[in-house]
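For reference, the structure discussed in these notes is given below.
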Amino acid sequence: AQKVTQAQTEISVVEKEDVTLDCVYETRDTTYYLFWYKQPPSGELVFLIRRNSFDEQNEISGRYSWNFQKSTSSFNFTITASQVVDSAVYFCARPGSQGNLIFGKGTKLSVKP
Amino acid sequence: EAQVTQNPRYLITVTGKKLTVTCSQNMNHEYMSWYRQDPGLGLRQIYYSMNVEVTDKGDVPEGYKVSRKEKRNFPLILESPSPNQTSLYFCASSYGTGGAVASPLHFGNGTRLTVT
């Protein structure tokens with residue numbers, strides 16, 4: 001199976017710290033998309049970003065940035081100056097053959113005041 | 001506001017009592033699907049639909065039924081719920097028939113089902 005691996009199960013930081021969430025993926029495709037989703041304590045799944053494999057430029061959106069490196073099959077997510085509201089479970093994902101998403105196990109981020 | 005709406009948010013029922021979880025999207029999306037989320041097992045696809053009247057099994061379809069009579073609605077039916085179907089359920093939709101291959105999946109707020 002073409003997996004998505006998020007090795008960090010839980011991360012705890014203090015507010016204003018920077019934090020990076022790791023994601024390593026497997027794929028046999030030459031072009032593909034990768035995604036990040038956020039699941040806050042309220043439970044909903046929120047789409048954060050989709051990146052195409054032929055665009056390896058870093059993406060920045062406010063305090064969020066994503067680093068995509070095909071050479072290491074990684075798509076890491078960095079939150080700069082973390083806030084308590086960033087506390088959530090973050091999922092990295094890639095498309096499956098049924099139009100579905102194959103999710104990693106998620107990384108639970110706790111940001112303490 | 002563009003959204004995927006699931007109802008109910010919380011549901012407690014007893015074994016064997018048929019139930020339906022509704023899902024509706026207002027984005028004119030072709031692709032819709034259902035997931036369940038369980039501790040240690042993550043998110044798994046139950047059923048999906050690439051368009052009206054077209055449905056297919058996902059990874060864990062046993063014990064579930066779906067229908068897609070209209071583009072906007074994709075209800076999940078449990079004909080005879082059992083305790084092992086206690087889970088958090090998500091409906092999702094995306095533009096086009098390819099699902100996440102072509103565009104992001106947008107999820108509803110989830111339905112927490114407990115079967116006793």
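FYI, nothing fancy with the structure tokens labels: chains A, B, ... in order, residues from 1 per chain, ligands from 1 as they appear.
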
- Message: With only C-alpha atoms as the counted atoms, please give the residues lying no more than 6 Å from Val4 in chain A, apart from itself and same-chain residues fewer than 6 positions off, as a list of chain:residue names.
- Response: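 The neighbour list is A:Val24, A:Tyr25, A:Gly104.
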
- Task: From range 1-79 of chain A, collect each residue whose DSSP state is strand (DSSP E) and return the set as JSON, numbers by chain.
- Result: {"A": [4, 5, 10, 11, 12, 13, 14, 19, 20, 21, 24, 25, 33, 34, 35, 36, 37, 38, 39, 46, 47, 48, 49, 50, 51, 52, 59, 60, 61, 64, 65, 66, 67, 68, 69, 74, 75, 76, 77, 78, 79]}

- Task: Find the spatial neighbours of Pro40 in chain A, counting only C-alpha atoms, within a cut-off of 9 Å - ignore same-chain residues fewer than 2 positions away - and output them as a PyMOL selection string.
- Result: chain A and resi 38+42-46+85-90

Requested write-out: all heavy atoms of the selected residues, as a short mmCIF file (atom, residue, chain, number, x, y, z; two decimals), in the first residue's frame:
```
data_model
loop_
_atom_site.label_atom_id
_atom_site.label_comp_id
_atom_site.auth_asym_id
_atom_site.auth_seq_id
_atom_site.Cartn_x
_atom_site.Cartn_y
_atom_site.Cartn_z
N LYS A 38 -6.78 19.74 9.12
CA LYS A 38 -6.75 20.02 10.55
C LYS A 38 -8.05 19.53 11.19
O LYS A 38 -9.14 19.74 10.64
CB LYS A 38 -6.62 21.54 10.77
CG LYS A 38 -6.73 22.01 12.20
CD LYS A 38 -6.64 23.53 12.27
CE LYS A 38 -6.76 24.04 13.69
NZ LYS A 38 -6.66 25.52 13.76
N SER A 42 -13.20 20.30 18.36
CA SER A 42 -14.64 20.21 18.05
C SER A 42 -14.95 19.10 17.05
O SER A 42 -16.11 18.73 16.87
CB SER A 42 -15.12 21.55 17.50
OG SER A 42 -14.25 22.03 16.50
N GLY A 43 -13.92 18.56 16.38
CA GLY A 43 -14.10 17.33 15.60
C GLY A 43 -14.19 17.46 14.10
O GLY A 43 -14.02 16.46 13.40
N GLU A 44 -14.45 18.63 13.57
CA GLU A 44 -14.60 18.71 12.11
C GLU A 44 -13.25 18.60 11.42
O GLU A 44 -12.20 18.80 12.02
CB GLU A 44 -15.30 20.03 11.71
CG GLU A 44 -14.48 21.28 11.96
CD GLU A 44 -14.71 21.87 13.32
OE1 GLU A 44 -15.08 21.13 14.26
OE2 GLU A 44 -14.49 23.10 13.46
N LEU A 45 -13.25 18.26 10.16
CA LEU A 45 -12.03 18.16 9.34
C LEU A 45 -11.96 19.38 8.43
O LEU A 45 -12.84 19.59 7.60
CB LEU A 45 -12.05 16.89 8.51
CG LEU A 45 -11.63 15.61 9.22
CD1 LEU A 45 -12.03 14.40 8.40
CD2 LEU A 45 -10.14 15.59 9.49
N VAL A 46 -10.87 20.11 8.56
CA VAL A 46 -10.73 21.37 7.82
C VAL A 46 -9.60 21.24 6.82
O VAL A 46 -8.46 20.92 7.20
CB VAL A 46 -10.46 22.54 8.79
CG1 VAL A 46 -10.30 23.84 8.01
CG2 VAL A 46 -11.56 22.66 9.83
N VAL A 85 -5.00 28.35 19.72
CA VAL A 85 -6.02 27.93 18.76
C VAL A 85 -5.50 26.96 17.70
O VAL A 85 -6.27 26.37 16.95
CB VAL A 85 -6.67 29.13 18.04
CG1 VAL A 85 -7.46 29.96 19.02
CG2 VAL A 85 -5.63 29.96 17.31
N ASP A 86 -4.19 26.81 17.63
CA ASP A 86 -3.60 25.84 16.69
C ASP A 86 -3.68 24.42 17.24
O ASP A 86 -3.37 23.46 16.52
CB ASP A 86 -2.14 26.18 16.40
CG ASP A 86 -1.97 27.51 15.67
OD1 ASP A 86 -2.85 27.86 14.87
OD2 ASP A 86 -0.96 28.19 15.93
N SER A 87 -4.05 24.27 18.48
CA SER A 87 -4.15 22.93 19.08
C SER A 87 -5.18 22.11 18.32
O SER A 87 -6.35 22.50 18.20
CB SER A 87 -4.57 23.04 20.56
OG SER A 87 -3.58 23.71 21.30
N ALA A 88 -4.74 20.99 17.78
CA ALA A 88 -5.59 20.16 16.93
C ALA A 88 -4.81 18.92 16.55
O ALA A 88 -3.63 18.78 16.86
CB ALA A 88 -5.99 20.92 15.67
N VAL A 89 -5.50 18.01 15.86
CA VAL A 89 -4.82 16.90 15.21
C VAL A 89 -4.67 17.27 13.74
O VAL A 89 -5.64 17.71 13.10
CB VAL A 89 -5.60 15.58 15.34
CG1 VAL A 89 -4.84 14.45 14.65
CG2 VAL A 89 -5.84 15.25 16.81
N TYR A 90 -3.47 17.12 13.23
CA TYR A 90 -3.19 17.48 11.85
C TYR A 90 -2.90 16.22 11.04
O TYR A 90 -2.12 15.36 11.46
CB TYR A 90 -1.99 18.43 11.78
CG TYR A 90 -2.30 19.80 12.34
CD1 TYR A 90 -2.15 20.05 13.70
CD2 TYR A 90 -2.77 20.81 11.52
CE1 TYR A 90 -2.46 21.30 14.24
CE2 TYR A 90 -3.08 22.06 12.04
CZ TYR A 90 -2.91 22.29 13.40
OH TYR A 90 -3.23 23.53 13.92
#
```

- Between A:Lys70, A:Ser65, A:Tyr32, A:Ser53, single out the one closest to chain B, counting only C-alpha atoms. A:Tyr32

- Skip Arg51 in chain A itself and residues of its chain fewer than 6 positions away, then list as a ChimeraX atom specification all residues within 8 Å of it, counting only C-alpha atoms. /A:33-35

Kindly assemble as a tab-separated table a list of the chain A residues that lie within 7 Å of chain B, each paired with its nearest atom pair and their distance in Å to one decimal, using only C-alpha atoms, sorted first by chain and then by ascending residue number.
```
residue	atom	partner	partner_atom	distance
A:Gly43	CA	B:Asn109	CA	7.0
A:Glu44	CA	B:Asn109	CA	4.5
A:Leu45	CA	B:Phe107	CA	6.0
A:Phe47	CA	B:His106	CA	6.7
A:Arg50	CA	B:Pro104	CA	6.9
A:Pro95	CA	B:Ala100	CA	5.4
A:Gly99	CA	B:Gly99	CA	4.1
A:Asn100	CA	B:Ala100	CA	5.8
A:Leu101	CA	B:Ala100	CA	6.2
A:Phe103	CA	B:Leu43	CA	6.7
A:Lys105	CA	B:Gly42	CA	5.9
```

Quick one: write out the picked residues with N, CA, C and O atoms as a JSON list (two decimals), in the first residue's frame?
```json
[["chain", "number", "residue", "atom", "x", "y", "z"],
["A", 43, "GLY", "N", -13.92, 18.56, 16.38],
["A", 43, "GLY", "CA", -14.10, 17.33, 15.60],
["A", 43, "GLY", "C", -14.19, 17.46, 14.10],
["A", 43, "GLY", "O", -14.02, 16.46, 13.40],
["A", 44, "GLU", "N", -14.45, 18.63, 13.57],
["A", 44, "GLU", "CA", -14.60, 18.71, 12.11],
["A", 44, "GLU", "C", -13.25, 18.60, 11.42],
["A", 44, "GLU", "O", -12.20, 18.80, 12.02],
["A", 45, "LEU", "N", -13.25, 18.26, 10.16],
["A", 45, "LEU", "CA", -12.03, 18.16, 9.34],
["A", 45, "LEU", "C", -11.96, 19.38, 8.43],
["A", 45, "LEU", "O", -12.84, 19.59, 7.60],
["A", 47, "PHE", "N", -9.90, 21.50, 5.56],
["A", 47, "PHE", "CA", -8.89, 21.46, 4.52],
["A", 47, "PHE", "C", -7.94, 22.64, 4.68],
["A", 47, "PHE", "O", -8.36, 23.79, 4.84],
["A", 50, "ARG", "N", -3.56, 21.89, -0.63],
["A", 50, "ARG", "CA", -3.28, 20.85, -1.61],
["A", 50, "ARG", "C", -2.09, 21.30, -2.44],
["A", 50, "ARG", "O", -2.04, 22.44, -2.89],
["A", 95, "PRO", "N", -4.17, 11.14, -2.41],
["A", 95, "PRO", "CA", -5.31, 10.47, -3.04],
["A", 95, "PRO", "C", -5.08, 8.98, -3.20],
["A", 95, "PRO", "O", -3.97, 8.53, -3.46],
["A", 99, "GLY", "N", -10.62, 7.83, -5.56],
["A", 99, "GLY", "CA", -10.93, 9.23, -5.33],
["A", 99, "GLY", "C", -10.93, 9.58, -3.86],
["A", 99, "GLY", "O", -11.24, 10.70, -3.47],
["A", 100, "ASN", "N", -10.58, 8.60, -3.04],
["A", 100, "ASN", "CA", -10.56, 8.83, -1.60],
["A", 100, "ASN", "C", -9.25, 9.47, -1.19],
["A", 100, "ASN", "O", -8.36, 9.69, -2.01],
["A", 101, "LEU", "N", -9.17, 9.78, 0.08],
["A", 101, "LEU", "CA", -7.91, 10.25, 0.65],
["A", 101, "LEU", "C", -7.34, 9.16, 1.54],
["A", 101, "LEU", "O", -8.06, 8.57, 2.33],
["A", 103, "PHE", "N", -5.10, 8.82, 4.55],
["A", 103, "PHE", "CA", -4.60, 9.71, 5.60],
["A", 103, "PHE", "C", -3.47, 9.05, 6.39],
["A", 103, "PHE", "O", -3.43, 7.84, 6.57],
["A", 105, "LYS", "N", -1.74, 8.81, 10.23],
["A", 105, "LYS", "CA", -2.38, 8.58, 11.53],
["A", 105, "LYS", "C", -2.64, 9.88, 12.28],
["A", 105, "LYS", "O", -3.37, 9.91, 13.26]]
```

- Message: Residues within 8 Å of Lys18 in chain B, please, as a PyMOL selection string. Count only C-alpha atoms; anything in the same chain fewer than 2 positions from it doesn't count.
- Response: chain B and resi 16+20+77-81

- re CA of Gln6 in chain A and CA of Trp66 in chain A: distance 14.6 Å

If we count only C-alpha atoms and set the cut-off at 8 Å, which residues sit around Gln85 in chain B, ignoring sequence neighbours fewer than 4 positions away in its own chain? Please answer as a short mmCIF file (atom, residue, chain, number, x, y, z; two decimals) with N, CA and C atoms, in the first residue's frame.
```
data_model
loop_
_atom_site.label_atom_id
_atom_site.label_comp_id
_atom_site.auth_asym_id
_atom_site.auth_seq_id
_atom_site.Cartn_x
_atom_site.Cartn_y
_atom_site.Cartn_z
N PRO B 81 -28.01 -1.55 12.75
CA PRO B 81 -26.76 -1.12 13.40
C PRO B 81 -26.31 -2.09 14.49
N LEU B 113 -21.88 8.63 16.24
CA LEU B 113 -22.89 7.60 16.42
C LEU B 113 -22.48 6.63 17.51
N THR B 114 -23.41 6.36 18.42
CA THR B 114 -23.21 5.35 19.45
C THR B 114 -24.32 4.32 19.33
N VAL B 115 -23.93 3.06 19.19
CA VAL B 115 -24.89 1.97 19.10
C VAL B 115 -24.73 1.10 20.35
#
```

- So what do you get for CA of Val54 in chain B versus CA of Arg72 in chain B, distance-wise?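 CA of Val54 in chain B sits 13.2 Å away from CA of Arg72 in chain B.
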
- Nearest residue to Val14 in chain A from the set A:Ile102, A:Ile49, A:Leu109, A:Cys92 (distances using only C-alpha atoms): A:Leu109

- Message: Please extract the residues of chain B with a backbone DSSP assignment of helix (DSSP H, G or I) and present them as a PyMOL selection string.
- Response: chain B and resi 83-85+99-101

Just write the chosen residues, N, CA and C atoms, as a short mmCIF file (atom, residue, chain, number, x, y, z; two decimals), in the first residue's frame.
```
data_model
loop_
_atom_site.label_atom_id
_atom_site.label_comp_id
_atom_site.auth_asym_id
_atom_site.auth_seq_id
_atom_site.Cartn_x
_atom_site.Cartn_y
_atom_site.Cartn_z
N PRO B 83 -23.02 -2.59 17.63
CA PRO B 83 -22.08 -1.79 18.44
C PRO B 83 -20.75 -1.50 17.74
N ASN B 84 -20.31 -2.40 16.85
CA ASN B 84 -19.03 -2.13 16.18
C ASN B 84 -19.14 -1.04 15.12
N GLN B 85 -20.33 -0.48 14.95
CA GLN B 85 -20.50 0.67 14.06
C GLN B 85 -20.52 1.98 14.84
N GLY B 99 -12.86 12.76 -7.42
CA GLY B 99 -12.62 12.87 -6.00
C GLY B 99 -11.32 13.60 -5.72
N ALA B 100 -10.58 13.10 -4.73
CA ALA B 100 -9.38 13.78 -4.27
C ALA B 100 -8.26 13.76 -5.30
N VAL B 101 -8.38 12.92 -6.32
CA VAL B 101 -7.38 12.92 -7.40
C VAL B 101 -7.40 14.27 -8.11
#
```

- Item | Residue neighbourhood Ile79 in chain A, 10 Å, only C-alpha atoms, exclusion window fewer than 2 positions, as JSON, numbers by chain | {"A": [16, 17, 18, 19, 20, 21, 60, 61, 62, 63, 64, 65, 66, 77, 81, 82, 83, 86]}

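Across the structure, CA of Ser67 in chain B and CA of Asn51 in chain B are spaced 10.7 Å apart.
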